[in-house]
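K.L.:
Could you have a look at this structure, given as structure tokens, before my questions?
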Amino acid sequence: MRPSKRMPADMRPVRLERGVSKHAEGSCLVRFGDTHVLCTASLDSGVPPWLRGAGKGWVTAEYGMLPRATNERMRRESTAGKQSGRTQEIQRLIGRSLRAVVDLKALGERQIVVDCDVIQADGGTRTAAITGGWVALRDCIEWMMARQILQTSPLIDHVAAISAGIYRETPVLDLDYVEDSAAETDSNFVMTGSGGIVEIQGTAEGAPFSEAEFGQLMGLARDGIARLVELQKLAIS
């Protein structure tokens, strides 16, 4: 039995709340159980210098955790003068995941920045950020279309993410912190609404896992992401 009393294929309660920021072009407060992430999408003034004149846009992400998102206060990275390697890795993952479902040429020479701020962490912050970040990005694009900045949407699919791992020799879906910190295998899956694989991050924390076990994790993740995409559709309907 999992510490949360969930069955292996059960996800935590997921909530996607749109329009939570007064000023952002798009926003979503996403909750995966006790993990809460505020995602905002902002239209930037222009593309990065290396993209100027290329006739296409860019979608990028920034990620951070508030000092009391965890049990003990963390020092703000801005006071340390640099981002941690973990922060850089996560925000690059979020950016890659969102760009995978955007036609950058159709976006034109514009940049959308998706900020993901972890308010409360209980495992799966990156997967929650990707899932909620898509909703914020979609609403930013809708905002642009309503003002005729864009004539058609460059968004070509949904994208969502979820964790799966092996906990006490059992493949389980959507690990919370207690499970994540003790799992024998921990993986993150990013997939599109049509089932395409964007990225898989998998690590054996102890003994190596088998191909058969990986297949079980993949099956759990596919089912979980399908449910997340349905929640995204419900949120924007």
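By convention in this document, the chains of the structure tokens carry letters A, B, ... by their order, each chain's residues are numbered from 1, and ligands are numbered from 1 in the order they are shown.
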Quick one: everything within 12 Å of stretch 225-229 of chain A, counting only C-alpha atoms, minus sequence neighbours fewer than 5 positions away in the same chain. Send it as a ChimeraX atom specification.
P.N.:
/A:9-16,30-32,127-128,130-132,134-135,157-164,173-174,188-197,218-220,234-236
K.L.:
Near A:Ile141, counting only C-alpha atoms, which residues have an atom at most 8 Å away, once you skip same-chain residues fewer than 5 positions from it, shown as an MDAnalysis selection string?
P.N.:
chainID A and resid 26 150 153:155
K.L.:
What's the 8 Å shell around A:Lys105, counting only C-alpha atoms, without same-chain residues fewer than 5 positions away, as a PDB file with N, CA, C and O atoms, in the first residue's frame?
P.N.:
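Written out: part-v4.pdb:
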```pdb
ATOM      1  N   GLY A  55      12.296  34.750 -38.912  1.00  0.00           N
ATOM      2  CA  GLY A  55      10.900  34.568 -39.274  1.00  0.00           C
ATOM      3  C   GLY A  55      10.138  33.611 -38.392  1.00  0.00           C
ATOM      4  O   GLY A  55       9.099  33.090 -38.794  1.00  0.00           O
ATOM      5  N   LYS A  56      10.642  33.370 -37.204  1.00  0.00           N
ATOM      6  CA  LYS A  56       9.911  32.505 -36.273  1.00  0.00           C
ATOM      7  C   LYS A  56      10.093  32.991 -34.846  1.00  0.00           C
ATOM      8  O   LYS A  56      11.005  33.776 -34.547  1.00  0.00           O
ATOM      9  N   GLY A  57       9.212  32.535 -33.982  1.00  0.00           N
ATOM     10  CA  GLY A  57       9.226  32.983 -32.598  1.00  0.00           C
ATOM     11  C   GLY A  57       9.866  31.978 -31.662  1.00  0.00           C
ATOM     12  O   GLY A  57      10.533  31.024 -32.086  1.00  0.00           O
TER      13      GLY A  57
END
```
K.L.:
Listing only residues of stretch 117-222 of chain A within 12 Å of stretch 78-89 of chain A, what is the closest atom pair and its distance in Å (to one decimal) for each, using only C-alpha atoms, sorted by chain and residue number ascending, as CSV?
P.N.:
```
residue,atom,partner,partner_atom,distance
A:Asp117,CA,A:Thr87,CA,11.1
A:Val118,CA,A:Thr87,CA,11.3
A:Thr125,CA,A:Thr87,CA,11.1
A:Arg126,CA,A:Thr87,CA,9.8
A:Gln201,CA,A:Glu89,CA,11.5
```
K.L.:
Residues near A:Arg92, anyone? I mean within 8 Å using only C-alpha atoms, not counting same-chain ones fewer than 5 positions away, as a list in words.
P.N.:
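Within the cut-off, the hits are Thr60, Ala61 and Glu62 of chain A.
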K.L.:
May I have all residues of stretch 93-123 of chain A that DSSP, computed from the backbone, assigns to helix (DSSP H, G or I), given as a list in words?
P.N.:
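Result set for stretch 93-123 of chain A (helix (DSSP H, G or I)): Leu93, Ile94, Gly95, Arg96, Ser97, Leu98, Arg99, Leu104, Lys105, Ala106 and Leu107 of chain A.
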K.L.:
Please produce an output containing N, CA, C and O atoms for each residue in the selection, written as an mmCIF file, in the first residue's frame.
P.N.:
```
data_model
loop_
_atom_site.group_PDB
_atom_site.id
_atom_site.type_symbol
_atom_site.label_atom_id
_atom_site.label_comp_id
_atom_site.auth_asym_id
_atom_site.auth_seq_id
_atom_site.Cartn_x
_atom_site.Cartn_y
_atom_site.Cartn_z
ATOM 1 N N LEU A 93 13.695 22.010 -19.424
ATOM 2 C CA LEU A 93 12.738 20.947 -19.725
ATOM 3 C C LEU A 93 11.360 21.531 -20.012
ATOM 4 O O LEU A 93 10.690 21.135 -20.978
ATOM 5 N N ILE A 94 10.922 22.467 -19.187
ATOM 6 C CA ILE A 94 9.604 23.083 -19.396
ATOM 7 C C ILE A 94 9.564 23.789 -20.748
ATOM 8 O O ILE A 94 8.607 23.635 -21.516
ATOM 9 N N GLY A 95 10.607 24.554 -21.063
ATOM 10 C CA GLY A 95 10.651 25.254 -22.341
ATOM 11 C C GLY A 95 10.614 24.296 -23.524
ATOM 12 O O GLY A 95 9.856 24.498 -24.479
ATOM 13 N N ARG A 96 11.420 23.235 -23.469
ATOM 14 C CA ARG A 96 11.423 22.243 -24.551
ATOM 15 C C ARG A 96 10.054 21.605 -24.719
ATOM 16 O O ARG A 96 9.587 21.376 -25.840
ATOM 17 N N SER A 97 9.419 21.299 -23.604
ATOM 18 C CA SER A 97 8.126 20.620 -23.643
ATOM 19 C C SER A 97 7.067 21.497 -24.302
ATOM 20 O O SER A 97 6.269 21.018 -25.118
ATOM 21 N N LEU A 98 7.045 22.771 -23.969
ATOM 22 C CA LEU A 98 6.046 23.674 -24.537
ATOM 23 C C LEU A 98 6.333 23.981 -26.000
ATOM 24 O O LEU A 98 5.409 24.045 -26.827
ATOM 25 N N ARG A 99 7.600 24.129 -26.352
ATOM 26 C CA ARG A 99 7.937 24.394 -27.758
ATOM 27 C C ARG A 99 7.559 23.215 -28.659
ATOM 28 O O ARG A 99 7.314 23.399 -29.859
ATOM 29 N N LEU A 104 6.482 27.447 -34.313
ATOM 30 C CA LEU A 104 7.222 28.690 -34.053
ATOM 31 C C LEU A 104 7.179 29.645 -35.237
ATOM 32 O O LEU A 104 7.229 30.863 -35.046
ATOM 33 N N LYS A 105 7.066 29.134 -36.456
ATOM 34 C CA LYS A 105 6.928 30.018 -37.612
ATOM 35 C C LYS A 105 5.580 30.730 -37.589
ATOM 36 O O LYS A 105 5.489 31.917 -37.912
ATOM 37 N N ALA A 106 4.539 30.013 -37.205
ATOM 38 C CA ALA A 106 3.213 30.627 -37.114
ATOM 39 C C ALA A 106 3.148 31.659 -35.988
ATOM 40 O O ALA A 106 2.353 32.600 -36.052
ATOM 41 N N LEU A 107 3.985 31.511 -34.976
ATOM 42 C CA LEU A 107 4.039 32.482 -33.885
ATOM 43 C C LEU A 107 4.626 33.805 -34.345
ATOM 44 O O LEU A 107 4.319 34.862 -33.786
#
```
K.L.:
So, counting only C-alpha atoms, which residue among A:Ile156, A:Val172, A:Leu38, A:Met65 is closest to A:Arg138?
P.N.:
A:Ile156
K.L.:
Give me the residues within 7 Å of A:Arg18 as a list in words, counting only C-alpha atoms and dropping any in the same chain fewer than 4 places off.
P.N.:
Ser27, Cys28 and Leu29 of chain A
K.L.:
Name the closest residue to A:Asp139 among the candidates A:Ala100, A:Leu43, A:Ala221, A:Val178; distances are taken between atoms, counting only C-alpha atoms.
P.N.:
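Distance minimum relative to A:Asp139 lands on A:Leu43.
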K.L.:
List the neighbours of A:Arg76 out to 9 Å using only C-alpha atoms; skip same-chain residues closer than 6 positions along the sequence, and give me the result as a list in words.
P.N.:
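With the cut-off at 9 Å, the set is Gly64, Met65, Leu66 and Pro67 of chain A.
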K.L.:
Which one of A:Glu211, A:Asp115, A:Glu199, A:Asp176 sits closest to A:Asp34 if you count only C-alpha atoms?
P.N.:
A:Asp176
K.L.:
Using atom CA of A:Glu184 and atom CA of A:Asp223 as the two end points, give the distance in Å to one decimal.
P.N.:
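Those two atoms sit 21.4 Å apart.
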K.L.:
For the structure I just gave you, how does DSSP split stretch 3-236 of chain A - specifically, which residues are strand (DSSP E)? Reply as a PyMOL selection string.
P.N.:
chain A and resi 14-18+26-32+35-44+58-65+111-120+159-167+170-173+185-192+197-204
K.L.:
Using only C-alpha atoms, which of A:Thr203, A:Ser42, A:Ser21, A:Ser181 sits nearest A:Met144?
P.N.:
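Going through A:Thr203, A:Ser42, A:Ser21, A:Ser181 one by one, the smallest distance to A:Met144 is for A:Ser42.
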K.L.:
Identify which of the residues A:Glu109, A:Met1, A:Leu231, A:Glu77 lies closest to A:Pro48, counting only C-alpha atoms when measuring atom-to-atom distances.
P.N.:
A:Glu109
K.L.:
With only C-alpha atoms as the basis for distance, which of A:Cys116, A:Val102, A:Ala207, A:Ala69 is at the shortest distance from A:Ile90?
P.N.:
A:Cys116
K.L.:
Quick check, in Å to one decimal: how far apart do atom CA of A:Tyr63 and atom CA of A:Ala204 lie?
P.N.:
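Distance reported for this atom pair: 25.1 Å.
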K.L.:
Pick out the residues sitting within 10 Å of A:Glu169, and hand them over as a PyMOL selection string; count only C-alpha atoms, and ignore anything fewer than 3 positions along from it in its own chain.
P.N.:
chain A and resi 165-166+172+183-185+213
K.L.:
What would the file look like if the residues just selected were written as a compact mmCIF listing (two decimals), in the first residue's frame with N, CA and C atoms?
P.N.:
```txt
# COMPACT_ATOMS: atom_id res chain seq x y z
N GLY A 165 7.23 5.69 -11.05
CA GLY A 165 8.42 5.09 -10.46
C GLY A 165 8.13 3.75 -9.84
N ILE A 166 9.17 3.15 -9.33
CA ILE A 166 9.03 1.87 -8.64
C ILE A 166 9.25 2.13 -7.15
N VAL A 172 4.38 2.61 -9.73
CA VAL A 172 3.31 3.50 -9.27
C VAL A 172 3.34 4.79 -10.08
N ALA A 183 11.97 6.00 -3.59
CA ALA A 183 11.71 5.13 -4.74
C ALA A 183 12.97 4.44 -5.22
N GLU A 184 12.81 3.20 -5.68
CA GLU A 184 13.94 2.49 -6.28
C GLU A 184 14.22 3.00 -7.69
N THR A 185 13.17 3.49 -8.38
CA THR A 185 13.29 4.06 -9.71
C THR A 185 12.36 5.26 -9.80
N GLU A 213 9.97 -3.55 -16.63
CA GLU A 213 9.52 -2.57 -15.65
C GLU A 213 9.36 -1.19 -16.30
```
